[in-house]
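Structure first, then comments.
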Amino acid sequence: MKFHYDVSGTDFSAAGTASSDIKRKLKQLGLPPHIIKKTSVAMYEAEINMIIHAGGGVADINIGEDEITITMQDHGPGIPDLDKAMQEGFSTAPQVIQGLGFGAGMGLPNMKRNTDFMTIDTQVGKGTTVIMKIKLNGEFV
C-alpha cells in the first residue's frame with residue numbers, strides 16, 4: 001500500500017495531519033501498537049521539521065509485507081551540519097518557534113530512535129530527503 005501527503009509549510013495547526021492519518025490506517029490494518037507508535041512519532045517529527053525549517057514538502061509511505069518505508073522530501077535550505085543536527089538539543093529553530101513549544105532539537109534524534117533504518121540526503125540550497133524504515137518482523141496482518 002502506498003500513500004502520498006503534501007506537508008504544509010506554513011500552517012502549524014496542520015502539523016501531524018499525515019502522521020495521524022497513517023496512524024489510523026495502521027490501526028485499521030491491525031498492526032501492533034509499538035509499530036504504530038514508532039511510525040507515527042518518526043513521521044510527526046519529520047513533518048514538524050518540514051514546517052519549521054523547509055517550508056513544507058511531501059511524504060510518501062509504503063507499507064510492505066516486511067517493513068514500512070517513509071520518505072520525506074523538501075526543497076528547503078538543506079542541513080549545513082548534519083552531525084550537529086543529529087545531536088539531542090541542537091536546534092536552529094527561531095526563538096518564536098521555540099516559544100510555541102517546537103524546535104527543541106529532538107526531531108532528528110527522535111526520528112532515528114523510532115526507526116530501524118534512517119538515511120538523510122541533504123544539500124545546502126537544494127533540500128533534504130529523509131528515508132526511514134520500520135521493520136514489521138512478520139507482524140503484518
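Ordering of the C-alpha cells sets the chain letters (A, B, ...); residue numbers start at 1 within each chain; ligands are numbered from 1 in the order shown.
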
task = Would you please extract all strand (DSSP E) residues from chain A, as assigned by DSSP on the backbone, and give them as a ChimeraX atom specification?
result = /A:2-7,57-63,67-74,117-123,127-135

Only N, CA and C atoms, please: the residues just picked out, written as a compact mmCIF listing (two decimals), in the first residue's frame.
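Saved file out_37.txt follows:
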# COMPACT_ATOMS: atom_id res chain seq x y z
N LYS A 2 0.48 2.20 -0.80
CA LYS A 2 1.25 3.44 -0.88
C LYS A 2 0.34 4.62 -0.61
N PHE A 3 0.91 5.60 0.10
CA PHE A 3 0.18 6.81 0.43
C PHE A 3 1.07 8.01 0.19
N HIS A 4 0.46 9.11 -0.23
CA HIS A 4 1.20 10.34 -0.51
C HIS A 4 0.50 11.50 0.20
N TYR A 5 1.31 12.36 0.81
CA TYR A 5 0.78 13.53 1.51
C TYR A 5 1.60 14.75 1.16
N ASP A 6 0.93 15.87 1.03
CA ASP A 6 1.60 17.16 0.94
C ASP A 6 1.66 17.71 2.36
N VAL A 7 2.84 18.17 2.77
CA VAL A 7 3.02 18.72 4.11
C VAL A 7 3.10 20.23 3.98
N GLY A 57 6.79 20.18 2.32
CA GLY A 57 7.36 19.15 1.46
C GLY A 57 6.34 18.07 1.19
N VAL A 58 6.83 16.87 0.93
CA VAL A 58 5.94 15.74 0.66
C VAL A 58 6.37 14.53 1.49
N ALA A 59 5.38 13.70 1.77
CA ALA A 59 5.62 12.45 2.49
C ALA A 59 5.05 11.31 1.66
N ASP A 60 5.86 10.31 1.43
CA ASP A 60 5.43 9.11 0.72
C ASP A 60 5.66 7.92 1.64
N ILE A 61 4.61 7.13 1.84
CA ILE A 61 4.67 6.00 2.75
C ILE A 61 4.32 4.74 1.97
N ASN A 62 5.16 3.73 2.14
CA ASN A 62 4.93 2.44 1.50
C ASN A 62 4.85 1.39 2.61
N ILE A 63 3.70 0.76 2.74
CA ILE A 63 3.52 -0.30 3.73
C ILE A 63 3.64 -1.61 3.00
N GLU A 67 8.21 -4.30 5.91
CA GLU A 67 8.60 -3.03 6.51
C GLU A 67 7.72 -1.89 6.01
N ILE A 68 7.77 -0.82 6.77
CA ILE A 68 7.14 0.44 6.38
C ILE A 68 8.27 1.37 5.98
N THR A 69 8.17 1.95 4.80
CA THR A 69 9.17 2.90 4.33
C THR A 69 8.51 4.28 4.26
N ILE A 70 9.15 5.22 4.92
CA ILE A 70 8.67 6.61 4.95
C ILE A 70 9.71 7.46 4.25
N THR A 71 9.31 8.16 3.21
CA THR A 71 10.21 9.08 2.51
C THR A 71 9.65 10.48 2.66
N MET A 72 10.44 11.35 3.28
CA MET A 72 10.07 12.74 3.50
C MET A 72 11.01 13.60 2.66
N GLN A 73 10.46 14.44 1.80
CA GLN A 73 11.30 15.23 0.90
C GLN A 73 10.85 16.69 0.91
N ASP A 74 11.83 17.59 1.03
CA ASP A 74 11.52 19.01 0.97
C ASP A 74 12.48 19.70 0.00
N PHE A 117 16.01 1.99 10.41
CA PHE A 117 16.97 2.44 9.40
C PHE A 117 16.59 3.87 9.03
N MET A 118 17.60 4.74 8.92
CA MET A 118 17.32 6.12 8.51
C MET A 118 18.52 6.66 7.74
N THR A 119 18.24 7.26 6.60
CA THR A 119 19.27 7.96 5.85
C THR A 119 18.79 9.38 5.59
N ILE A 120 19.75 10.29 5.55
CA ILE A 120 19.43 11.68 5.26
C ILE A 120 20.33 12.14 4.13
N ASP A 121 19.71 12.56 3.04
CA ASP A 121 20.43 13.13 1.91
C ASP A 121 20.08 14.61 1.89
N THR A 122 21.06 15.46 2.18
CA THR A 122 20.79 16.88 2.26
C THR A 122 21.84 17.66 1.51
N GLN A 123 21.39 18.69 0.82
CA GLN A 123 22.29 19.58 0.10
C GLN A 123 21.88 21.00 0.40
N GLY A 127 17.71 21.23 -0.53
CA GLY A 127 16.70 20.49 0.22
C GLY A 127 17.22 19.22 0.85
N THR A 128 16.29 18.49 1.44
CA THR A 128 16.62 17.30 2.22
C THR A 128 15.62 16.19 1.92
N THR A 129 16.14 14.97 1.81
CA THR A 129 15.30 13.78 1.71
C THR A 129 15.69 12.85 2.85
N VAL A 130 14.70 12.45 3.62
CA VAL A 130 14.91 11.51 4.71
C VAL A 130 14.15 10.23 4.37
N ILE A 131 14.84 9.11 4.44
CA ILE A 131 14.20 7.80 4.25
C ILE A 131 14.32 7.05 5.56
N MET A 132 13.16 6.62 6.07
CA MET A 132 13.12 5.87 7.33
C MET A 132 12.40 4.55 7.08
N LYS A 133 12.88 3.50 7.73
CA LYS A 133 12.24 2.19 7.59
C LYS A 133 11.99 1.60 8.97
N ILE A 134 10.83 0.99 9.08
CA ILE A 134 10.44 0.30 10.32
C ILE A 134 10.12 -1.13 9.94
N LYS A 135 10.86 -2.05 10.51
CA LYS A 135 10.66 -3.47 10.21
C LYS A 135 9.41 -3.98 10.88

key: In segment 14-100 of chain A, DSSP alpha helix (DSSP H) residues written as a ChimeraX atom specification   = /A:17-28,33-49,82-85,95-99

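Checking A:Pro109, A:Gly9, A:Pro80, A:Gly16 one by one against Ser40 of chain A, counting only C-alpha atoms, you find the shortest gap at A:Gly16.
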
request  = Compare A:Asp83, A:Pro77, A:Lys38, A:Ile52 by their minimum atom-to-atom distance to Asp116 of chain A, counting only C-alpha atoms, and give me the closest one.
outcome  =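 Checking each of A:Asp83, A:Pro77, A:Lys38, A:Ile52 against Asp116 of chain A, counting only C-alpha atoms, the winner is A:Lys38.
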
key: Test item: residues at most 8 Å from Gly76 of chain A, only C-alpha atoms, excluding those fewer than 5 positions along its chain, as a VMD selection string   = chain A and resid 50 53 to 56 125 to 128

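Counting only C-alpha atoms and comparing A:Tyr44, A:Ile51, A:Lys27, A:Gly78, the residue that lies closest to Gly107 of chain A is A:Tyr44.
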
inquiry  = Given only C-alpha atoms as the basis, pick out the residue of A:Val124, A:Ile79, A:Pro32, A:Glu88 nearest to Asn49 of chain A.
reply    =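 Under the stated criterion, the closest residue is A:Ile79.
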
ask   = Using only C-alpha atoms, which of A:Ala85, A:Ile22, A:Leu136, A:Met1 sits nearest Met43 of chain A?
value = A:Ile22

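Atom CA of Ser13 of chain A is found 24.0 Å from atom CA of Phe90 of chain A.
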
message = Here is a test: counting only C-alpha atoms, which residue of A:Leu108, A:Asp81, A:Ile48, A:Gln87 is nearest to Ala14 of chain A?
response =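 Of A:Leu108, A:Asp81, A:Ile48, A:Gln87, the one nearest Ala14 of chain A is A:Ile48, counting only C-alpha atoms.
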